[in-house]
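Have a look at final.cif; it's mmCIF, C-alpha atoms:
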data_final
#
loop_
_atom_site.label_atom_id
_atom_site.label_comp_id
_atom_site.auth_asym_id
_atom_site.auth_seq_id
_atom_site.Cartn_x
_atom_site.Cartn_y
_atom_site.Cartn_z
CA MET A 1 50.68 90.72 137.62
CA VAL A 2 49.99 87.04 136.95
CA THR A 3 50.79 85.54 133.56
CA THR A 4 50.00 82.06 132.27
CA TRP A 5 53.63 81.16 132.93
CA ASP A 6 52.93 81.59 136.65
CA ILE A 7 50.20 78.93 136.62
CA ASP A 8 51.95 75.59 136.78
CA THR A 9 50.17 72.27 136.50
CA ARG A 10 50.97 71.32 140.09
CA LEU A 11 49.20 74.40 141.43
CA LEU A 12 46.20 73.69 139.19
CA ARG A 13 45.96 70.11 140.45
CA TYR A 14 46.26 71.25 144.06
CA PHE A 15 43.58 73.89 143.65
CA LEU A 16 41.16 71.67 141.71
CA THR A 17 41.50 68.93 144.33
CA VAL A 18 40.77 71.44 147.10
CA VAL A 19 37.63 72.58 145.29
CA THR A 20 36.53 69.01 144.59
CA GLU A 21 37.16 67.81 148.17
CA GLY A 22 35.74 70.97 149.74
CA SER A 23 38.68 71.44 152.10
CA ILE A 24 42.43 71.85 152.13
CA ARG A 25 42.73 68.97 154.62
CA GLY A 26 40.71 66.68 152.35
CA ALA A 27 42.89 67.61 149.37
CA ALA A 28 46.04 67.04 151.41
CA ASP A 29 44.88 63.57 152.41
CA LYS A 30 43.98 62.68 148.84
CA LEU A 31 47.25 64.01 147.38
CA ASN A 32 49.36 62.75 150.30
CA ILE A 33 50.85 66.23 150.72
CA ALA A 34 51.08 68.43 153.81
CA ALA A 35 48.05 70.71 154.14
CA SER A 36 50.38 73.61 155.01
CA ALA A 37 52.17 73.25 151.66
CA ILE A 38 48.91 73.40 149.70
CA SER A 39 47.63 76.32 151.77
CA ARG A 40 50.88 78.24 151.32
CA GLN A 41 50.94 77.82 147.52
CA ILE A 42 47.31 78.84 147.10
CA GLY A 43 47.80 81.78 149.48
CA GLU A 44 50.84 83.01 147.54
CA PHE A 45 48.94 82.71 144.28
CA GLU A 46 46.00 84.67 145.74
CA VAL A 47 48.43 87.49 146.58
CA ARG A 48 49.79 87.51 143.02
CA CYS A 49 46.23 87.46 141.61
CA GLY A 50 45.17 90.30 143.87
CA THR A 51 41.89 88.59 144.74
CA PRO A 52 40.73 85.75 147.02
CA LEU A 53 40.24 82.39 145.33
CA LEU A 54 38.78 80.50 148.28
CA GLU A 55 36.26 81.52 150.88
CA ARG A 56 37.05 79.91 154.21
CA LYS A 57 34.06 78.35 155.98
CA PRO A 58 33.83 76.68 159.41
CA ARG A 59 33.83 73.23 157.78
CA GLY A 60 35.96 73.77 154.70
CA VAL A 61 36.29 76.09 151.75
CA VAL A 62 34.28 77.10 148.68
CA PRO A 63 35.63 78.86 145.59
CA THR A 64 34.97 82.55 145.07
CA GLN A 65 33.86 83.74 141.64
CA ALA A 66 37.52 84.03 140.62
CA GLY A 67 38.22 80.64 142.22
CA ALA A 68 35.41 78.98 140.25
CA ALA A 69 36.89 80.42 137.05
CA LEU A 70 40.33 79.08 138.03
CA ALA A 71 38.82 75.64 138.73
CA ASP A 72 37.25 75.60 135.25
CA TYR A 73 40.59 76.64 133.75
CA ALA A 74 42.34 73.90 135.73
CA ARG A 75 39.96 71.24 134.42
CA MET A 76 40.53 72.33 130.82
CA GLN A 77 44.31 72.49 131.19
CA ILE A 78 44.56 69.09 132.85
CA GLU A 79 42.29 67.49 130.22
CA ASP A 80 44.31 69.13 127.41
CA GLY A 81 47.51 67.79 128.93
CA GLU A 82 46.09 64.28 129.13
CA ARG A 83 44.91 64.44 125.52
CA PHE A 84 48.37 65.60 124.41
CA LEU A 85 50.05 62.73 126.26
CA ASN A 86 47.64 60.29 124.62
CA TYR A 87 48.53 61.80 121.25
CA LEU A 88 52.23 61.25 121.93
CA ARG A 89 51.52 57.65 122.92
CA ARG A 90 49.69 57.10 119.65
CA LEU A 91 52.66 58.50 117.70
CA ARG A 92 54.89 55.98 119.47
CA GLY A 93 52.46 53.14 118.78
CA LEU A 94 51.44 52.76 122.41
CA GLN A 95 47.93 52.26 123.74
CA ASP A 96 45.86 55.08 125.18
CA GLY A 97 44.79 54.78 128.77
CA ALA A 98 41.07 54.32 128.21
CA ILE A 99 38.58 54.73 125.38
CA ARG A 100 35.91 57.19 126.48
CA ILE A 101 32.41 56.58 125.15
CA ALA A 102 29.26 58.62 125.71
CA CYS A 103 25.97 57.11 124.61
CA GLY A 104 22.27 57.59 124.96
CA GLU A 105 20.53 55.22 127.34
CA GLY A 106 18.77 53.38 124.50
CA PHE A 107 22.14 52.21 123.12
CA ASN A 108 23.41 50.61 126.35
CA GLY A 109 22.54 46.94 125.89
CA ASP A 110 23.09 47.05 122.13
CA LEU A 111 26.57 48.57 122.53
CA ILE A 112 27.72 46.26 125.30
CA GLU A 113 26.42 42.97 123.90
CA ASN A 114 27.22 43.53 120.22
CA ALA A 115 30.36 45.67 120.29
CA LEU A 116 32.19 45.88 123.61
CA VAL A 117 32.08 42.15 124.37
CA PRO A 118 33.72 41.08 121.07
CA PHE A 119 36.10 44.06 121.18
CA VAL A 120 37.34 43.26 124.69
CA GLN A 121 37.90 39.64 123.67
CA ALA A 122 40.23 40.88 120.92
CA HIS A 123 41.83 43.73 122.93
CA LYS A 124 42.13 42.52 126.49
CA GLU A 125 44.49 45.40 127.34
CA SER A 126 41.92 48.08 126.53
CA THR A 127 39.89 49.86 129.17
CA PHE A 128 36.80 52.03 128.90
CA HIS A 129 35.06 54.96 130.49
CA LEU A 130 31.34 54.69 129.68
CA ILE A 131 29.13 57.75 130.17
CA GLN A 132 25.37 57.85 129.76
CA ALA A 133 24.03 61.22 128.63
CA GLY A 134 21.38 63.04 126.65
CA THR A 135 21.83 63.82 122.96
CA MET A 136 23.16 67.37 123.30
CA GLU A 137 25.41 66.38 126.20
CA ILE A 138 26.93 63.67 123.99
CA VAL A 139 27.49 66.09 121.10
CA ASP A 140 29.11 68.65 123.42
CA ALA A 141 31.33 66.02 125.04
CA VAL A 142 32.59 64.80 121.64
CA LEU A 143 33.08 68.35 120.38
CA GLU A 144 35.02 69.39 123.47
CA GLY A 145 37.17 66.25 123.46
CA ARG A 146 35.86 64.96 126.80
CA VAL A 147 34.96 61.66 125.13
CA ASP A 148 36.36 59.86 122.10
CA ILE A 149 33.17 58.33 120.70
CA GLY A 150 29.49 59.24 120.92
CA LEU A 151 26.36 57.25 120.12
CA ALA A 152 23.40 59.60 119.79
CA TYR A 153 19.83 59.48 118.53
CA ASP A 154 18.87 62.18 116.04
CA PRO A 155 21.63 64.68 116.97
CA PRO A 156 21.75 68.07 115.23
CA ARG A 157 24.34 68.64 112.50
CA MET A 158 27.23 70.63 113.91
CA VAL A 159 30.56 71.93 112.61
CA GLY A 160 33.38 69.90 114.14
CA ILE A 161 31.38 66.68 114.44
CA GLN A 162 31.86 63.76 112.04
CA SER A 163 29.24 61.04 111.71
CA VAL A 164 31.16 57.80 111.13
CA VAL A 165 27.99 55.86 110.39
CA SER A 166 24.29 56.53 110.67
CA ALA A 167 21.14 54.54 110.09
CA ARG A 168 17.52 55.54 109.85
CA GLN A 169 15.76 54.58 113.06
CA SER A 170 12.23 55.87 112.83
CA LEU A 171 10.23 56.72 115.92
CA HIS A 172 7.46 54.25 116.81
CA ALA A 173 4.59 54.19 119.25
CA ILE A 174 5.43 51.46 121.78
CA MET A 175 2.61 49.64 123.56
CA GLN A 176 1.32 46.31 124.79
CA PRO A 177 0.39 43.90 121.93
CA SER A 178 -3.19 43.84 123.27
CA HIS A 179 -3.61 47.58 122.78
CA PRO A 180 -6.22 48.39 120.04
CA LEU A 181 -3.68 50.50 118.09
CA ALA A 182 -1.12 47.66 118.06
CA GLN A 183 -2.93 46.10 115.10
CA VAL A 184 -2.73 49.10 112.71
CA SER A 185 0.06 49.58 110.16
CA GLN A 186 0.65 53.24 111.11
CA VAL A 187 -0.57 55.53 113.82
CA HIS A 188 -1.16 59.30 113.63
CA LEU A 189 -0.49 61.60 116.57
CA LYS A 190 -4.13 62.66 116.56
CA ASP A 191 -5.06 59.05 117.32
CA LEU A 192 -3.05 59.25 120.54
CA VAL A 193 -4.35 62.52 122.00
CA ASP A 194 -6.86 60.88 124.36
CA ILE A 195 -4.62 57.94 125.30
CA PRO A 196 -2.37 57.99 128.42
CA LEU A 197 1.16 58.79 127.22
CA ALA A 198 4.58 58.52 128.83
CA LEU A 199 7.19 60.88 127.36
CA PRO A 200 10.89 61.44 128.07
CA THR A 201 12.33 64.70 129.39
CA ASP A 202 13.87 67.33 127.12
CA SER A 203 17.40 65.96 127.53
CA TYR A 204 16.56 63.12 125.13
CA GLY A 205 16.75 63.45 121.36
CA ILE A 206 13.43 61.59 121.25
CA ARG A 207 11.66 64.50 122.94
CA ALA A 208 13.16 67.07 120.57
CA LEU A 209 12.08 64.90 117.62
CA LEU A 210 8.55 64.58 119.02
CA ARG A 211 8.30 68.36 119.26
CA ARG A 212 9.13 68.64 115.55
CA VAL A 213 6.54 65.98 114.75
CA GLU A 214 3.96 67.80 116.87
CA ALA A 215 4.70 71.11 115.15
CA SER A 216 4.41 69.59 111.66
CA SER A 217 1.12 67.84 112.45
CA GLY A 218 -0.46 70.58 114.53
CA VAL A 219 -1.05 68.13 117.39
CA LEU A 220 0.12 68.80 120.94
CA LEU A 221 0.87 65.74 123.06
CA VAL A 222 0.14 66.12 126.77
CA PRO A 223 1.91 63.37 128.71
CA SER A 224 0.29 61.65 131.65
CA ILE A 225 3.79 60.78 132.87
CA GLN A 226 7.19 62.35 132.18
CA CYS A 227 10.20 60.11 132.73
CA ALA A 228 13.86 60.81 133.30
CA THR A 229 14.98 57.43 131.91
CA LEU A 230 14.07 55.28 128.93
CA ASP A 231 13.89 52.27 131.22
CA MET A 232 10.94 53.90 132.97
CA LEU A 233 9.24 54.42 129.60
CA ARG A 234 9.82 50.77 128.71
CA ARG A 235 8.40 49.56 132.01
CA LEU A 236 5.34 51.77 131.71
CA ALA A 237 4.65 50.43 128.23
CA LEU A 238 5.10 46.86 129.48
CA SER A 239 2.64 47.49 132.29
CA GLY A 240 0.00 48.84 129.93
CA VAL A 241 -0.28 52.06 131.93
CA ALA A 242 0.75 54.22 128.99
CA VAL A 243 1.90 54.30 125.36
CA THR A 244 5.35 55.72 124.77
CA PHE A 245 7.59 56.60 121.80
CA LEU A 246 10.93 54.93 121.09
CA PRO A 247 12.98 53.68 118.14
CA PRO A 248 12.56 49.87 118.04
CA PHE A 249 16.23 49.05 118.66
CA THR A 250 15.87 50.36 122.23
CA VAL A 251 13.30 47.64 123.05
CA PHE A 252 14.60 44.92 120.74
CA HIS A 253 14.36 42.14 123.34
CA GLU A 254 10.75 42.95 124.28
CA LEU A 255 9.71 43.14 120.63
CA THR A 256 11.39 39.81 119.90
CA THR A 257 9.63 38.07 122.80
CA GLY A 258 6.29 39.65 121.94
CA GLU A 259 6.01 41.57 125.22
CA LEU A 260 5.73 44.86 123.34
CA ALA A 261 4.49 46.03 119.95
CA ALA A 262 5.93 48.88 117.86
CA VAL A 263 3.76 50.82 115.40
CA PRO A 264 5.38 53.41 113.06
CA LEU A 265 4.22 56.99 113.31
CA ALA A 266 2.64 58.25 110.11
CA GLU A 267 4.10 61.78 110.33
CA PRO A 268 7.11 62.32 107.99
CA PHE A 269 9.56 63.74 110.56
CA ALA A 270 9.22 60.60 112.71
CA GLY A 271 10.47 58.44 109.86
CA GLU A 272 13.53 60.58 109.14
CA ALA A 273 15.28 60.19 112.50
CA SER A 274 18.64 58.42 112.60
CA ALA A 275 21.08 56.90 115.05
CA HIS A 276 24.60 58.31 114.68
CA LEU A 277 28.08 57.16 115.68
CA ILE A 278 30.05 60.39 116.03
CA ILE A 279 33.62 61.53 116.64
CA ARG A 280 35.31 64.91 116.53
CA SER A 281 36.23 65.95 112.98
CA GLN A 282 39.85 65.36 111.92
CA ARG A 283 40.53 63.37 115.05
CA ARG A 284 43.55 61.06 115.01
CA LEU A 285 42.47 57.54 115.93
CA SER A 286 44.51 54.74 117.44
CA MET A 287 44.34 51.31 115.81
CA PRO A 288 42.17 49.88 118.64
CA MET A 289 39.77 52.79 118.35
CA GLU A 290 39.48 52.31 114.58
CA HIS A 291 38.72 48.63 115.21
CA LEU A 292 36.09 49.54 117.78
CA LEU A 293 34.41 51.95 115.36
CA ASP A 294 34.33 49.17 112.74
CA ILE A 295 32.71 46.75 115.21
CA ILE A 296 30.12 49.28 116.34
CA SER A 297 29.31 50.19 112.73
CA SER A 298 28.87 46.59 111.60
CA ARG A 299 27.37 44.87 114.66
CA VAL A 300 25.35 47.32 116.74
CA ARG A 301 21.67 47.03 115.78
CA ALA A 302 21.12 50.77 115.94
CA PHE A 303 23.35 51.19 112.88
CA GLN A 304 21.75 48.50 110.78
CA PRO A 305 18.92 49.30 108.30
CA ASP A 306 15.57 50.09 109.88
CA PRO A 307 13.19 47.28 108.84
CA SER A 308 10.11 49.52 109.02
#

Show how you would write the structure in this file as structure tokens.
Amino acid sequence: MVTTWDIDTRLLRYFLTVVTEGSIRGAADKLNIAASAISRQIGEFEVRCGTPLLERKPRGVVPTQAGAALADYARMQIEDGERFLNYLRRLRGLQDGAIRIACGEGFNGDLIENALVPFVQAHKESTFHLIQAGTMEIVDAVLEGRVDIGLAYDPPRMVGIQSVVSARQSLHAIMQPSHPLAQVSQVHLKDLVDIPLALPTDSYGIRALLRRVEASSGVLLVPSIQCATLDMLRRLALSGVAVTFLPPFTVFHELTTGELAAVPLAEPFAGEASAHLIIRSQRRLSMPMEHLLDIISSRVRAFQPDPS
């Protein structure tokens, strides 16, 4: 009978590397350990478990159902161990390895130019892991401790998530300045029904917000084009092929140069959306991380008052 005491960290690292590399030989090369040693330890553990963990194939191995569960367990245990070591470093006044940030695509330029550049100048020893993700992926990553900081557009309220700062960032129709609707003070969804539209996929908070706006107004938007990135939406709006929907901070440069125009949506839900800087509730922060949160809160455009 296997107990948790039988599952040491070395075995977990061996097994997870085998699964990641797809072969025992590949794992051995990466870990600089004899393939026979890895194979023997996994084989002995399979005997104790009473079930196969790897299915041998002609060109490698794949995890069985039990093996996939062990790989998931290994990931969680290794991540927990790394977080604990970082916690001990913070208690001793040492720096963490890297600050992990997940952000929506629309925050990229704003975050880098207005926060990371000045922060790195003041903390040259700090390193970062930057992850681009959709709104719910960001929330989950913060909640599960896979990242330290999240920047998300219109995330849902969730237990365990703390919003350090938020700012109203209403949704606008984005179009060429020559478009007939670019001259109005507000635009209703019904005015856009017969106009070519480019919309993001469901992974974006923008799409979830648009669905709420559609439901409240009784108008269904049928996109001519669906895009997997906000950069595609921006380029389509610039080309004049379609109108899209974005908060203005995501196209700040194009609005400043006059290449694009932003018109507020008249529907109430569109004006209530906010950008949020989130962390896990009751999280202990290092001094550099506190400084970074202060810089993001005070300098990133997404967290400044919406002028509309």

Can you list what the PyMOL selection byres ((chain A and resi 30) around 12) grabs from this structure, as a VMD selection string?
chain A and resid 13 to 14 16 to 18 20 to 29 31 to 35 38

Do you know which residues are at most 10 Å from stretch 245-253 of chain A counting all atoms listed in the file, after dropping those on the same chain fewer than 5 positions away, and could you put them as a ChimeraX atom specification?
/A:105-110,153,168-175,197-200,206-207,210,230-231,233-234,237,258-265,270-271,273-275,300-304,306-308

Atom pair atom CA of A:Ala133 + atom CA of A:Ser166, distance 18.6 Å

Computed interatomic separation between atom CA of A:Ile279 and atom CA of A:Val142 (Å)
6.1 Å

Go through A:Gly60, A:Gln65, A:Gly150, A:Leu53 one by one, measure the shortest atom-to-atom distance of each to A:Ile296 using all atoms listed in the file, and give the residue with the smallest value.
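Nearest candidate to A:Ile296 out of A:Gly60, A:Gln65, A:Gly150, A:Leu53: A:Gly150.
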
If the PyMOL selection byres ((chain A and resi 212) around 12) were run on this exact file, what residues would it hold? Put them as an MDAnalysis selection string.
chainID A and resid 154 171 189 205:211 213:221 267:273

What do you get, as a VMD selection string, if you spell out every residue that the PyMOL selection byres ((chain A and resi 134-137) around 6) selects here?
chain A and resid 104 133 138 to 140 152 203 to 205

Which one of A:Ala66, A:Leu292, A:Leu111, A:Ile131 sits closest to A:Gly50 if you count all atoms listed in the file?
A:Ala66

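Atom CA of A:Leu293 lies 20.1 Å from atom CA of A:Met158.
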
List the neighbours of A:Phe15 out to 12 Å using only C-alpha atoms; skip same-chain residues closer than 4 positions along the sequence, and give me the result as number ranges by chain.
A: 7-11, 19-24, 26-28, 31, 35, 37-43, 45-46, 53-54, 61-63, 67-75, 78
